[in-house]
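**Student:** Encoded as structure tokens, here's the structure I'll be asking about.
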Amino acid sequence: MKKFAFAATLAVTSGAATIAAADCGEVSITEMDWASAAVVTNVAKFLLEQGYGCTVAIVPTTTVPAMTSVAETGEPDILTELWTSYTEVYEELRAEGKLVELSKVLSDGGIEAWWIPAYLAEAHPELTTLEGIKANPELIGGRFHDCPTGWGCDITNNNNFIAAGLGDSGVERFQHGSGETLAAAIAAAAEAKEPWFGYYWAPTSVLGKYPMVQVEMPAYDADKHTCNGLEDCTTPELSAYPVSNVVTAATQAFVDREPDAAALMGNVTFTNAQMGDVLAWQEANNASNEEAAVYFLTTYKDTWGNWLDDDAKGKLSALLQ
């Protein structure tokens, strides 16, 4: 049924896409390797192609390689769901005129933290503090589950891990190979009511489905957090994550070349509740990123319909009924 819905959606708009093909040229857009970012990318791809006539190429990547590519080559055109709080490179690229911030793609901001499952916190409330974890590493399975290499949180978490002295207390920092395996580790632990301690973020289907409790951290400190985001930070100190600025950005060349498409991307924003709903549906239905995008498009017509200019609304009018 999900595949049929996706095929039907494409069929409804295929004629409009043909008519609009000359309106917009080739556009490259990132697809970061976590679920919410992939949903953003596939929703944007659909609207850019069907509403604005663009030819969209998806570029699978992660935060650091994407920023490096823009700095060195000026590509890709659009970077979706950039979590900017832990990287100075983003602001440097903006200052140099290489990137333009288009939207707060998660309008509520992103939440990053270290967590334990609620059932573990109820059984051992001392584990909601770092001191309690260091005193009882066996109760959290002796492992800190961390994000993959190449994600911006990689460096920040490592410096916080060092500052907390977790390694000296017998806790292993374990980096997962992908966002999928990190999520799977939470799910497996929750289903078996086993220990788990690590990094995760919201909005996600995982935190919606499996109740988690944040481990207490010192309050966010801008200077400490900035240093922790650097590989060569010589004096890492503990700091909570801020509520993250999560944006869509684009190259200046793209904004100049395709102003209508850039204006669309400036309107593409999701609340955490909307994104959490989409991700929960995707997980429950074992759906692809494309199918999750169609779920959003069919469920939130009043939202994305307001993102479009009048011409694009006309081309997608059949879907807005």
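Letters A, B, ... mark the chains of the structure tokens in the order given; residue numbers begin at 1 per chain; ligand numbers begin at 1, in order shown.
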Among range 132-183 of chain A, which residues carry a DSSP assignment of strand (DSSP E), reported as a ChimeraX atom specification?
**Tutor:** /A:143-146,172-175
**Student:** Can I get the selection written as a short mmCIF file (atom, residue, chain, number, x, y, z; two decimals), in the first residue's frame, with N, CA and C atoms?
**Tutor:**
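File written: selection-v6.cif
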```cif
data_model
loop_
_atom_site.label_atom_id
_atom_site.label_comp_id
_atom_site.auth_asym_id
_atom_site.auth_seq_id
_atom_site.Cartn_x
_atom_site.Cartn_y
_atom_site.Cartn_z
N ARG A 143 29.46 0.75 28.96
CA ARG A 143 29.65 1.28 27.60
C ARG A 143 28.90 2.60 27.43
N PHE A 144 29.55 3.54 26.72
CA PHE A 144 28.90 4.77 26.27
C PHE A 144 28.67 4.64 24.78
N HIS A 145 27.41 4.60 24.38
CA HIS A 145 27.04 4.45 22.97
C HIS A 145 27.10 5.82 22.30
N ASP A 146 27.98 5.96 21.31
CA ASP A 146 28.21 7.27 20.71
C ASP A 146 27.86 7.26 19.23
N GLU A 172 33.64 2.21 28.41
CA GLU A 172 34.18 2.20 27.05
C GLU A 172 33.35 3.11 26.16
N ARG A 173 34.00 3.96 25.37
CA ARG A 173 33.31 4.75 24.37
C ARG A 173 33.20 3.92 23.10
N PHE A 174 31.96 3.58 22.73
CA PHE A 174 31.72 2.73 21.57
C PHE A 174 31.01 3.53 20.50
N GLN A 175 31.66 3.73 19.37
CA GLN A 175 31.05 4.47 18.26
C GLN A 175 30.36 3.53 17.30
#
```
**Student:** Taking the DSSP assignment computed from this structure's backbone, write out as a count of residues only all residues of range 39-268 of chain A that belong to alpha helix (DSSP H).
**Tutor:** 99
**Student:** Considering only C-alpha atoms, can you say which of A:Met275, A:Leu182, A:Ala312, A:Val89 comes closest to Gly229 in chain A?
**Tutor:**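 Among the listed residues, A:Val89 lies closest to Gly229 in chain A.
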**Student:** For Ala293 in chain A, which residue among A:Leu279, A:Pro218, A:Pro242, A:Gly305 is the nearest when counting only C-alpha atoms?
**Tutor:**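 Comparing A:Leu279, A:Pro218, A:Pro242, A:Gly305 against Ala293 in chain A, the winner is A:Leu279.
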**Student:** Excluding Glu180 in chain A and any residue of its chain fewer than 6 positions from it, enumerate the residues within 12 Å of it, using only C-alpha atoms, and give them as a list of chain:residue names.
**Tutor:**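 The residues that qualify are A:Asp33, A:Trp34, A:Ala35, A:Ser36, A:Cys147, A:Pro148, A:Ile186, A:Ala187, A:Tyr200, A:Thr204, A:Ser205, A:Val206, A:Glu283.
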**Student:** Which of these residues is nearest to Ser178 in chain A, using only C-alpha atoms: A:Thr73, A:Thr62, A:Thr234, A:Thr248?
**Tutor:**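 For Ser178 in chain A, the nearest of the candidates is A:Thr62.
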**Student:** Where does range 17-55 of chain A meet range 106-123 of chain A within 12 Å, residue by residue, with the nearest atom pair and distance in Å to one decimal for each, counting only C-alpha atoms, listed by chain and rising number, as JSON lines?
**Tutor:**
```
{"residue": "A:Ser36", "atom": "CA", "partner": "A:Leu106", "partner_atom": "CA", "distance": 9.6}
{"residue": "A:Ala37", "atom": "CA", "partner": "A:Leu106", "partner_atom": "CA", "distance": 10.0}
{"residue": "A:Val39", "atom": "CA", "partner": "A:Leu106", "partner_atom": "CA", "distance": 12.0}
{"residue": "A:Val40", "atom": "CA", "partner": "A:Leu106", "partner_atom": "CA", "distance": 9.7}
```
**Student:** Would you save the residues of that selection, restricted to C-alpha atoms, as a PDB file, in the first residue's frame?
**Tutor:**
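As written to disk, selection19.pdb reads:
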```pdb
ATOM      1  CA  SER A  36      14.798  13.179  10.075  1.00  0.00           C
ATOM      2  CA  ALA A  37      17.352  14.640   7.666  1.00  0.00           C
ATOM      3  CA  VAL A  39      12.772  12.941   5.391  1.00  0.00           C
ATOM      4  CA  VAL A  40      13.561  16.640   4.915  1.00  0.00           C
TER       5      VAL A  40
END
```
